[in-house]
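Asker: One file: entry.csv (CSV, C-alpha atoms).
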chain,number,residue,atom,x,y,z
N,1479,MET,CA,-139.4,60.0,-131.0
N,1480,ASP,CA,-137.2,56.9,-130.2
N,1481,ARG,CA,-139.4,54.9,-127.8
N,1482,SER,CA,-136.7,52.4,-127.3
N,1483,ARG,CA,-135.0,54.7,-124.7
N,1484,TYR,CA,-137.9,54.1,-122.3
N,1485,TYR,CA,-137.1,50.4,-121.9
N,1486,TYR,CA,-135.0,49.2,-118.9
N,1487,SER,CA,-132.2,46.8,-119.5
N,1488,ALA,CA,-133.4,43.2,-119.2
N,1489,ALA,CA,-130.0,41.5,-119.6
N,1490,PRO,CA,-129.9,37.7,-118.9
N,1491,VAL,CA,-128.9,36.9,-115.3
N,1492,SER,CA,-125.9,34.7,-115.0
N,1493,THR,CA,-125.5,32.6,-111.7
N,1494,GLY,CA,-123.8,29.5,-110.6
N,1495,MET,CA,-127.1,27.6,-110.7
N,1496,GLY,CA,-126.8,27.1,-114.4
N,1497,PRO,CA,-128.9,28.0,-117.5
N,1498,LEU,CA,-132.2,27.4,-115.8
N,1499,ALA,CA,-131.6,30.0,-113.1
N,1500,GLY,CA,-130.4,32.4,-115.8
N,1501,GLN,CA,-133.5,31.9,-117.8
N,1502,LEU,CA,-135.7,32.3,-114.7
N,1503,GLY,CA,-133.9,35.6,-114.0
N,1504,GLU,CA,-134.4,36.8,-117.5
N,1505,TRP,CA,-138.1,36.0,-117.3
N,1506,LEU,CA,-138.5,37.8,-114.1
N,1507,CYS,CA,-136.8,40.9,-115.6
N,1508,ARG,CA,-139.2,40.8,-118.5
N,1509,ALA,CA,-142.2,40.2,-116.2
N,1510,VAL,CA,-141.6,43.4,-114.2
N,1511,GLN,CA,-140.7,45.4,-117.2
N,1512,PRO,CA,-143.3,48.2,-117.7
N,1513,PRO,CA,-144.6,48.7,-121.2
N,1514,ALA,CA,-143.0,51.5,-123.2
N,1515,PRO,CA,-145.0,54.7,-123.4
N,1516,THR,CA,-146.7,56.0,-126.5
N,1517,PRO,CA,-145.6,59.6,-126.7
N,1518,CYS,CA,-147.9,62.1,-128.4
N,1519,GLY,CA,-147.0,62.5,-132.0
N,1520,SER,CA,-145.2,59.2,-132.3
N,1521,PRO,CA,-146.4,56.3,-134.4
N,1522,GLY,CA,-149.5,54.8,-132.6
N,1523,GLY,CA,-149.4,57.6,-130.0
N,1524,PRO,CA,-152.1,60.2,-129.3
N,1525,PRO,CA,-152.1,63.4,-131.5
N,1526,VAL,CA,-150.6,66.7,-130.4
N,1527,THR,CA,-153.3,69.2,-129.9
N,1528,ALA,CA,-151.9,71.6,-127.3
N,1529,ARG,CA,-149.3,74.3,-127.5
N,1530,ARG,CA,-145.9,73.0,-126.5
N,1531,VAL,CA,-142.4,74.2,-125.9
N,1532,ARG,CA,-139.1,72.4,-126.4
N,1533,LEU,CA,-137.0,71.8,-123.2
N,1534,ARG,CA,-133.3,71.8,-122.8
N,1535,ASP,CA,-133.1,68.0,-123.2
N,1536,GLY,CA,-135.3,67.9,-126.3
N,1537,ARG,CA,-138.6,66.9,-124.7
N,1538,HIS,CA,-141.8,68.9,-125.2
N,1539,LEU,CA,-144.0,70.4,-122.5
N,1540,ALA,CA,-147.6,71.1,-123.2
N,1541,TYR,CA,-149.1,74.3,-121.6
N,1542,GLU,CA,-152.3,76.3,-121.2
N,1543,GLU,CA,-152.4,80.1,-120.4
N,1544,SER,CA,-154.9,82.1,-118.4
N,1545,GLY,CA,-155.2,85.5,-116.7
N,1546,VAL,CA,-154.0,88.6,-118.5
N,1547,PRO,CA,-151.8,88.5,-121.5
N,1548,ARG,CA,-148.2,87.7,-120.6
N,1549,GLU,CA,-146.9,90.7,-122.4
N,1550,SER,CA,-148.8,93.1,-120.2
N,1551,ALA,CA,-148.7,91.1,-116.9
N,1552,ARG,CA,-147.3,92.5,-113.7
N,1553,PHE,CA,-146.9,89.1,-112.2
N,1554,LYS,CA,-146.3,85.8,-113.9
N,1555,VAL,CA,-147.2,82.4,-112.3
N,1556,VAL,CA,-146.3,78.8,-113.3
N,1557,PHE,CA,-148.8,76.3,-111.9
N,1558,SER,CA,-147.8,72.6,-111.2
N,1559,HIS,CA,-150.8,70.3,-111.2
N,1560,GLY,CA,-151.4,67.4,-108.8
N,1561,PHE,CA,-151.7,63.7,-109.2
N,1562,THR,CA,-154.1,62.8,-112.0
N,1563,GLY,CA,-154.2,66.4,-113.1
N,1564,SER,CA,-153.4,68.3,-116.3
N,1565,ARG,CA,-152.4,71.7,-117.8
N,1566,LEU,CA,-156.0,72.7,-117.6
N,1567,ASP,CA,-156.0,72.7,-113.8
N,1568,SER,CA,-155.6,76.1,-112.2
N,1569,LEU,CA,-156.2,78.2,-109.1
N,1570,ARG,CA,-159.7,79.0,-110.3
N,1571,ALA,CA,-159.2,82.6,-109.5
N,1572,SER,CA,-161.8,84.9,-110.9
N,1573,PRO,CA,-160.9,86.8,-114.2
N,1574,GLU,CA,-161.8,90.0,-112.4
N,1575,VAL,CA,-159.1,89.6,-109.7
N,1576,ALA,CA,-156.5,88.4,-112.2
N,1577,GLU,CA,-157.2,91.5,-114.3
N,1578,GLU,CA,-157.2,93.8,-111.3
N,1579,LEU,CA,-153.8,92.5,-110.1
N,1580,GLY,CA,-152.3,92.0,-113.5
N,1581,VAL,CA,-151.6,88.2,-113.1
N,1582,TYR,CA,-150.7,85.9,-115.9
N,1583,MET,CA,-150.8,82.1,-115.2
N,1584,VAL,CA,-149.6,79.1,-117.1
N,1585,GLY,CA,-150.4,75.5,-116.3
N,1586,PHE,CA,-148.5,72.6,-117.9
N,1587,ASP,CA,-148.8,68.9,-118.2
N,1588,ARG,CA,-146.0,67.5,-116.1
N,1589,ALA,CA,-143.7,65.1,-117.8
N,1590,GLY,CA,-145.5,62.0,-119.0
N,1591,TYR,CA,-148.9,63.5,-118.4
N,1592,GLY,CA,-151.4,64.6,-121.0
N,1593,GLU,CA,-149.4,65.8,-124.0
N,1594,SER,CA,-146.0,66.4,-122.4
N,1595,ASP,CA,-143.2,63.9,-123.4
N,1596,PRO,CA,-142.4,61.3,-120.8
N,1597,ASN,CA,-139.1,61.6,-118.9
N,1598,PRO,CA,-137.8,58.2,-117.7
N,1599,ALA,CA,-135.2,60.1,-115.7
N,1600,ARG,CA,-137.8,62.2,-113.9
N,1601,SER,CA,-136.8,63.5,-110.5
N,1602,VAL,CA,-137.7,66.3,-108.1
N,1603,GLU,CA,-134.9,68.4,-109.7
N,1604,SER,CA,-136.1,67.7,-113.2
N,1605,ALA,CA,-139.6,68.8,-112.2
N,1606,ALA,CA,-138.2,72.2,-111.1
N,1607,LEU,CA,-136.0,72.6,-114.2
N,1608,ASP,CA,-139.1,71.9,-116.4
N,1609,MET,CA,-140.8,74.9,-114.8
N,1610,GLU,CA,-137.7,77.0,-115.4
N,1611,ASP,CA,-137.4,75.9,-119.0
N,1612,LEU,CA,-141.1,76.6,-119.6
N,1613,ALA,CA,-140.7,80.1,-118.1
N,1614,ASP,CA,-137.7,80.8,-120.3
N,1615,ALA,CA,-139.4,79.5,-123.4
N,1616,LEU,CA,-142.3,81.8,-122.8
N,1617,GLY,CA,-140.1,84.8,-121.8
N,1618,LEU,CA,-141.4,85.2,-118.3
N,1619,GLY,CA,-138.3,87.1,-117.2
N,1620,ASP,CA,-135.6,86.5,-114.6
N,1621,LYS,CA,-138.0,85.7,-111.8
N,1622,PHE,CA,-141.4,84.1,-111.7
N,1623,TYR,CA,-143.9,82.8,-109.2
N,1624,VAL,CA,-144.6,79.1,-108.7
N,1625,VAL,CA,-147.8,77.5,-107.4
N,1626,GLY,CA,-148.3,73.8,-106.8
N,1627,PHE,CA,-151.3,71.7,-105.8
N,1628,SER,CA,-151.1,68.4,-103.9
N,1629,LEU,CA,-148.4,66.0,-105.3
N,1630,GLY,CA,-147.4,68.7,-107.9
N,1631,CYS,CA,-145.9,70.6,-105.0
N,1632,HIS,CA,-142.7,68.4,-105.2
N,1633,ALA,CA,-141.8,70.7,-108.1
N,1634,VAL,CA,-142.2,73.7,-105.9
N,1635,TRP,CA,-140.0,72.3,-103.2
N,1636,GLY,CA,-137.6,71.4,-106.0
N,1637,ALA,CA,-137.6,75.0,-107.3
N,1638,LEU,CA,-136.8,76.3,-103.8
N,1639,ARG,CA,-133.9,73.9,-103.6
N,1640,TYR,CA,-132.5,73.9,-107.1
N,1641,ILE,CA,-133.4,77.3,-108.7
N,1642,PRO,CA,-134.1,79.7,-105.7
N,1643,GLU,CA,-132.6,82.6,-107.6
N,1644,ARG,CA,-135.4,82.3,-110.2
N,1645,ILE,CA,-138.3,82.2,-107.8
N,1646,ALA,CA,-140.1,85.5,-106.9
N,1647,GLY,CA,-142.5,83.6,-104.6
N,1648,ALA,CA,-144.0,80.2,-104.0
N,1649,ALA,CA,-147.4,78.8,-102.9
N,1650,MET,CA,-148.4,75.3,-102.1
N,1651,LEU,CA,-151.9,74.0,-101.7
N,1652,ALA,CA,-152.3,70.8,-99.7
N,1653,PRO,CA,-148.8,69.6,-100.6
N,1654,VAL,CA,-148.3,65.8,-100.4
N,1655,VAL,CA,-145.6,64.8,-97.9
N,1656,ASN,CA,-143.1,62.0,-98.1
N,1657,TYR,CA,-143.3,59.9,-95.0
N,1658,TRP,CA,-139.5,59.2,-95.3
N,1659,TRP,CA,-138.4,62.8,-95.1
N,1660,PRO,CA,-135.7,62.8,-92.3
N,1661,GLY,CA,-137.2,65.9,-90.6
N,1662,PHE,CA,-140.2,64.0,-89.4
N,1663,PRO,CA,-140.1,62.5,-86.0
N,1664,ALA,CA,-140.1,58.7,-86.5
N,1665,GLU,CA,-143.1,58.0,-84.2
N,1666,LEU,CA,-145.2,60.8,-85.8
N,1667,ALA,CA,-144.5,59.6,-89.4
N,1668,ALA,CA,-145.1,56.0,-88.5
N,1669,ARG,CA,-148.4,56.8,-86.8
N,1670,GLU,CA,-149.7,58.8,-89.8
N,1671,TYR,CA,-148.4,56.3,-92.3
N,1672,GLY,CA,-150.3,53.5,-90.4
N,1673,ARG,CA,-153.6,55.4,-90.7
N,1674,GLN,CA,-153.7,54.8,-94.4
N,1675,GLN,CA,-155.5,51.9,-96.0
N,1676,ARG,CA,-153.3,48.8,-96.3
N,1677,GLY,CA,-153.2,49.0,-100.1
N,1678,ASP,CA,-152.0,52.6,-99.9
N,1679,GLN,CA,-149.3,51.6,-97.4
N,1680,TRP,CA,-148.0,48.9,-99.6
N,1681,ALA,CA,-148.1,51.0,-102.8
N,1682,LEU,CA,-146.0,53.7,-101.1
N,1683,ARG,CA,-143.7,51.1,-99.6
N,1684,VAL,CA,-143.0,49.7,-103.0
N,1685,ALA,CA,-142.6,53.1,-104.6
N,1686,HIS,CA,-140.0,54.0,-101.9
N,1687,HIS,CA,-138.0,50.8,-101.6
N,1688,ALA,CA,-138.5,49.1,-105.0
N,1689,PRO,CA,-139.7,51.6,-107.6
N,1690,GLY,CA,-138.4,49.3,-110.4
N,1691,ILE,CA,-141.3,46.9,-109.8
N,1692,LEU,CA,-143.9,49.5,-109.0
N,1693,HIS,CA,-145.8,49.1,-112.3
N,1694,TRP,CA,-145.8,45.3,-111.9
N,1695,TRP,CA,-147.1,45.6,-108.3
N,1696,MET,CA,-149.8,48.1,-109.1
N,1697,GLU,CA,-151.1,45.8,-111.9
N,1698,GLN,CA,-151.3,42.6,-109.9
N,1699,ARG,CA,-155.0,42.6,-109.0
N,1700,TRP,CA,-154.8,39.0,-107.8
N,1701,LEU,CA,-152.7,39.9,-104.8
N,1702,PRO,CA,-154.5,39.4,-101.4
N,1703,LEU,CA,-153.8,43.0,-100.5
N,1704,PRO,CA,-156.2,45.8,-101.7
N,1705,THR,CA,-154.9,48.2,-104.3
N,1706,SER,CA,-154.1,51.9,-103.9
N,1707,THR,CA,-157.3,53.8,-103.0
N,1708,VAL,CA,-155.7,57.0,-104.3
N,1709,VAL,CA,-155.2,55.6,-107.8
N,1710,ASP,CA,-158.7,54.1,-107.7
N,1711,ASN,CA,-160.3,57.3,-106.3
N,1712,THR,CA,-161.8,55.4,-103.4
N,1713,THR,CA,-159.9,56.9,-100.5
N,1714,TYR,CA,-162.1,57.7,-97.5
N,1715,LEU,CA,-162.6,61.5,-97.5
N,1716,PRO,CA,-163.7,62.9,-94.1
N,1717,ASN,CA,-164.6,66.3,-95.5
N,1718,LYS,CA,-168.1,66.5,-96.8
N,1719,ARG,CA,-167.3,68.9,-99.6
N,1720,ASP,CA,-164.5,66.6,-100.9
N,1721,ALA,CA,-166.8,63.6,-100.8
N,1722,GLU,CA,-169.6,65.4,-102.6
N,1723,ILE,CA,-167.2,66.7,-105.3
N,1724,ARG,CA,-165.9,63.2,-105.9
N,1725,ARG,CA,-169.4,61.8,-106.1
N,1726,THR,CA,-170.4,64.4,-108.6
N,1727,LEU,CA,-167.3,64.1,-110.8
N,1728,THR,CA,-167.6,60.3,-110.8
N,1729,ALA,CA,-171.2,60.3,-111.7
N,1730,ASP,CA,-170.8,62.7,-114.7
N,1731,GLY,CA,-167.7,60.9,-116.0
N,1732,THR,CA,-165.3,63.8,-115.3
N,1733,LEU,CA,-162.9,61.7,-113.2
N,1734,GLN,CA,-162.7,59.0,-115.9
N,1735,LYS,CA,-162.1,61.6,-118.6
N,1736,LYS,CA,-159.3,63.2,-116.5
N,1737,ARG,CA,-157.7,59.8,-116.0
N,1738,GLU,CA,-157.8,59.0,-119.7
N,1739,MET,CA,-156.3,62.4,-120.5
N,1740,ALA,CA,-153.6,62.1,-117.9
N,1741,THR,CA,-152.5,58.6,-118.8
N,1742,GLN,CA,-153.0,58.6,-122.5
N,1743,GLN,CA,-149.3,58.0,-123.1
N,1744,GLY,CA,-149.2,55.3,-120.5
N,1745,ILE,CA,-149.8,55.0,-116.8
N,1746,GLN,CA,-146.2,54.1,-116.0
N,1747,GLU,CA,-144.7,57.5,-117.0
N,1748,SER,CA,-147.6,59.5,-115.5
N,1749,TYR,CA,-149.2,58.0,-112.3
N,1750,TYR,CA,-146.5,55.5,-111.3
N,1751,ARG,CA,-143.5,57.7,-112.1
N,1752,ASP,CA,-145.2,60.4,-110.0
N,1753,MET,CA,-145.4,58.0,-107.1
N,1754,ALA,CA,-141.8,56.8,-107.5
N,1755,VAL,CA,-140.5,60.5,-107.5
N,1756,MET,CA,-142.7,61.8,-104.7
N,1757,PHE,CA,-142.2,58.9,-102.3
N,1758,GLY,CA,-138.7,57.9,-103.3
N,1759,ASN,CA,-135.4,59.0,-101.8
N,1760,TRP,CA,-135.1,62.7,-102.1
N,1761,GLU,CA,-131.7,64.4,-102.4
N,1762,PHE,CA,-132.7,66.9,-99.8
N,1763,ASP,CA,-135.1,67.3,-96.9
N,1764,PRO,CA,-137.6,70.2,-97.4
N,1765,MET,CA,-137.5,70.8,-93.6
N,1766,ALA,CA,-133.8,71.5,-93.9
N,1767,LEU,CA,-134.0,74.0,-96.7
N,1768,PRO,CA,-132.4,77.4,-96.1
N,1769,GLU,CA,-134.6,80.5,-96.2
N,1770,PRO,CA,-135.2,81.7,-99.7
N,1771,PRO,CA,-133.6,85.0,-100.9
N,1772,LYS,CA,-135.0,88.1,-99.5
N,1773,GLY,CA,-138.3,89.2,-101.0
N,1774,CYS,CA,-139.4,85.6,-101.9
N,1775,PRO,CA,-142.5,84.9,-99.9
N,1776,VAL,CA,-143.6,81.2,-99.4
N,1777,HIS,CA,-147.1,80.3,-98.5
N,1778,LEU,CA,-148.7,77.0,-97.6
N,1779,TRP,CA,-152.4,76.3,-97.4
N,1780,GLN,CA,-153.7,73.1,-95.7
N,1781,GLY,CA,-157.2,71.9,-94.8
N,1782,ASP,CA,-157.6,70.4,-91.3
N,1783,GLU,CA,-160.0,67.7,-92.7
N,1784,ASP,CA,-157.7,66.5,-95.5
N,1785,GLY,CA,-158.2,62.8,-96.1
N,1786,LEU,CA,-155.1,62.5,-98.3
N,1787,VAL,CA,-152.4,64.6,-96.6
N,1788,PRO,CA,-152.1,64.3,-92.8
N,1789,VAL,CA,-152.5,67.7,-91.2
N,1790,ALA,CA,-150.3,66.7,-88.3
N,1791,LEU,CA,-147.4,66.2,-90.7
N,1792,GLN,CA,-148.1,69.4,-92.5
N,1793,ARG,CA,-148.0,71.3,-89.3
N,1794,HIS,CA,-144.6,69.8,-88.5
N,1795,VAL,CA,-143.3,70.8,-91.9
N,1796,ALA,CA,-144.5,74.4,-91.5
N,1797,GLY,CA,-143.3,74.5,-87.9
N,1798,SER,CA,-139.9,73.5,-89.0
N,1799,LEU,CA,-139.5,76.3,-91.4
N,1800,GLY,CA,-140.0,79.7,-89.8
N,1801,TRP,CA,-140.1,81.4,-93.2
N,1802,VAL,CA,-143.2,79.5,-94.4
N,1803,ASN,CA,-146.4,81.4,-94.0
N,1804,TYR,CA,-148.8,78.6,-92.9
N,1805,HIS,CA,-152.6,79.0,-93.5
N,1806,GLU,CA,-154.7,76.2,-92.0
N,1807,LEU,CA,-158.3,76.1,-93.2
N,1808,PRO,CA,-160.8,74.8,-90.7
N,1809,GLY,CA,-163.5,72.4,-91.9
N,1810,THR,CA,-161.7,72.0,-95.2
N,1811,GLY,CA,-160.4,69.0,-97.1
N,1812,HIS,CA,-158.0,68.3,-99.9
N,1813,PHE,CA,-159.6,69.8,-102.9
N,1814,LEU,CA,-158.6,73.4,-102.2
N,1815,SER,CA,-159.2,74.6,-105.8
N,1816,ALA,CA,-162.9,74.0,-105.2
N,1817,VAL,CA,-163.0,76.1,-102.0
N,1818,PRO,CA,-165.0,79.2,-102.9
N,1819,GLY,CA,-162.8,82.3,-103.3
N,1820,LEU,CA,-159.6,80.6,-102.3
N,1821,GLY,CA,-158.0,81.2,-105.7
N,1822,ASP,CA,-158.6,84.9,-105.3
N,1823,THR,CA,-157.3,84.8,-101.8
N,1824,VAL,CA,-154.0,83.2,-103.0
N,1825,LEU,CA,-153.5,85.9,-105.6
N,1826,ARG,CA,-154.3,88.7,-103.2
N,1827,THR,CA,-152.0,87.2,-100.6
N,1828,PHE,CA,-149.2,87.2,-103.1
N,1829,PHE,CA,-149.8,90.4,-105.0
N,1830,ALA,CA,-152.2,92.8,-103.4
Could I get this structure in the form of structure tokens?
Answerer:
Amino acid sequence: MDRSRYYYSAAPVSTGMGPLAGQLGEWLCRAVQPPAPTPCGSPGGPPVTARRVRLRDGRHLAYEESGVPRESARFKVVFSHGFTGSRLDSLRASPEVAEELGVYMVGFDRAGYGESDPNPARSVESAALDMEDLADALGLGDKFYVVGFSLGCHAVWGALRYIPERIAGAAMLAPVVNYWWPGFPAELAAREYGRQQRGDQWALRVAHHAPGILHWWMEQRWLPLPTSTVVDNTTYLPNKRDAEIRRTLTADGTLQKKREMATQQGIQESYYRDMAVMFGNWEFDPMALPEPPKGCPVHLWQGDEDGLVPVALQRHVAGSLGWVNYHELPGTGHFLSAVPGLGDTVLRTFFA
């Protein structure tokens, strides 16, 4: 793979201030330049160990299947993992329920994560098209179901916007919101934004207004502002189950292993590209989406003790879209895949 295409232009800056200003500008361009990724299978890059499909633009997408065999499945689901996740993440539905309902599921490493090739042009639309390409490469049929978790739900919103004719149904679990979506009342969005830690506020502010310097910003540990607690896995979690899960996964090294797997091709094209896409300027407002075609149910699950996604904003999203079936879970946090029985509930809600 030609890694040179991942570099931004760093052309010399020419100003009326003479050669010194031009040199300074060139140095600044290089200073904020993120390092090129090391794609799997490239010289010096990680090995390819997963099954992969080739997409329309030549990139490869790594995937992992679960549930019943796709050839005999009644229902076929594409799962989009969240921030720091991988193709190995799933609904954690029981094999018995998947077998009973005839459900096939496929998770995939989103672009730049794990063993899927980076996409320097990644967007909400490309995330949706990656799911469509994966479904077509695996022969899932004219229509398929999409499920997203946390930040990975931007791909589900993208599917509802860009490929609605391909979607048989959609489910989102604790979907991350963009504070700059036009459909939010300004006072409500500002209030919830202000409740974040200062480091998280600044990280999102840079991701939205200046994504080109996001990598540089996130790596400047000398700054007097704290860094992103989300990236560092130190966000305050008000829900006891969430907090205990994080303590356990930190202590046994699972979170570190997940981070290493997610970012093995580089943190820029995984974590930081995720932030720039999710919190950048979208081409559409999810709260202005038209109702999907008839027979395409859309469900949204949200915990009322979520420390990462403000429930007040989620209620506004669901309330703005009369066709969204909103399920608020009392006493529940952000890590919905760990809620006992919820994976089975999602499948039964869709298919029973």
Asker: Separation of CA of Pro1663 (chain N) and CA of Glu1761 (chain N), in Å?
Answerer: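 CA of Glu1761 (chain N) lies at a distance of 18.5 Å from CA of Pro1663 (chain N).
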Asker: Report as CSV the residues of region 1650-1753 of chain N within 8 Å of region 1769-1784 of chain N, each with its shortest atom pair and distance in Å (one decimal), using only C-alpha atoms, ordered by chain and increasing residue number.
Answerer:
residue,atom,partner,partner_atom,distance
N:Met1650,CA,N:Leu1778,CA,4.8
N:Leu1651,CA,N:Trp1779,CA,4.9
N:Ala1652,CA,N:Gln1780,CA,4.8
N:Pro1653,CA,N:Gln1780,CA,7.8
N:Leu1715,CA,N:Asp1784,CA,7.3
N:Pro1716,CA,N:Glu1783,CA,6.2
N:Asn1717,CA,N:Glu1783,CA,5.6
Asker: Take the point (-136.2, 87.3, -114.1) in the file's coordinates, draw a sphere of radius 10 Å around it, and report as a list in words every protein, DNA or RNA residue with an atom inside or on it, counting all atoms listed in the file.
Answerer: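 Final list of nearby residues, as requested, is Ala1613, Asp1614, Gly1617, Leu1618, Gly1619, Asp1620, Lys1621, Phe1622, Glu1643, Arg1644, Ile1645 and Ala1646 of chain N.
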Asker: Just checking: using all atoms listed in the file, which residue out of N:Asn1759, N:Asn1711, N:Ser1520, N:Ser1798 ends up closest to Ala1688 (chain N)?
Answerer: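 Nearest to Ala1688 (chain N): N:Asn1759.
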Asker: Find the residue from N:Tyr1804, N:Ala1664, N:Met1739, N:Arg1529 that sits nearest to Thr1827 (chain N); use all atoms listed in the file when measuring.
Answerer: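 Ranked by minimum distance to Thr1827 (chain N), first place goes to N:Tyr1804.
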Asker: Mind dumping a table of every region 1711-1743 of chain N residue within 10 Å of region 1574-1593 of chain N, with the nearest atom pair and its distance in Å to one decimal, using only C-alpha atoms, sorted by chain and rising number, as a tab-separated table?
Answerer:
residue	atom	partner	partner_atom	distance
N:Lys1736	CA	N:Gly1592	CA	9.2
N:Arg1737	CA	N:Gly1592	CA	9.4
N:Glu1738	CA	N:Gly1592	CA	8.6
N:Met1739	CA	N:Gly1592	CA	5.4
N:Ala1740	CA	N:Gly1592	CA	4.5
N:Thr1741	CA	N:Tyr1591	CA	6.1
N:Gln1742	CA	N:Gly1592	CA	6.4
N:Gln1743	CA	N:Gly1590	CA	6.9
Asker: In Å to one decimal, how far is CA of Val1817 (chain N) from CA of Lys1554 (chain N)?
Answerer: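 Between CA of Lys1554 (chain N) and CA of Val1817 (chain N) the gap works out to 22.7 Å.
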Asker: Applying 12 Å and all atoms listed in the file, which residues near Phe1762 (chain N) remain after dropping the ones on its own chain fewer than 4 positions away? List them as a short mmCIF file (atom, residue, chain, number, x, y, z; two decimals) with C-alpha atoms, in the coordinates of the input.
Answerer:
data_model
loop_
_atom_site.label_atom_id
_atom_site.label_comp_id
_atom_site.auth_asym_id
_atom_site.auth_seq_id
_atom_site.Cartn_x
_atom_site.Cartn_y
_atom_site.Cartn_z
CA SER N 1601 -136.80 63.50 -110.50
CA VAL N 1602 -137.70 66.30 -108.10
CA GLU N 1603 -134.90 68.40 -109.70
CA HIS N 1632 -142.70 68.40 -105.20
CA TRP N 1635 -140.00 72.30 -103.20
CA GLY N 1636 -137.60 71.40 -106.00
CA LEU N 1638 -136.80 76.30 -103.80
CA ARG N 1639 -133.90 73.90 -103.60
CA TYR N 1640 -132.50 73.90 -107.10
CA ASN N 1656 -143.10 62.00 -98.10
CA TRP N 1658 -139.50 59.20 -95.30
CA TRP N 1659 -138.40 62.80 -95.10
CA PRO N 1660 -135.70 62.80 -92.30
CA GLY N 1661 -137.20 65.90 -90.60
CA GLY N 1758 -138.70 57.90 -103.30
CA ALA N 1766 -133.80 71.50 -93.90
CA LEU N 1767 -134.00 74.00 -96.70
CA PRO N 1768 -132.40 77.40 -96.10
#
Asker: Nearest to Thr1705 (chain N): which of N:Ile1723, N:Leu1682, N:Ala1796, N:Ala1754 is it, counting all atoms listed in the file?
Answerer: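 Of N:Ile1723, N:Leu1682, N:Ala1796, N:Ala1754, the one nearest Thr1705 (chain N) is N:Leu1682, counting all atoms listed in the file.
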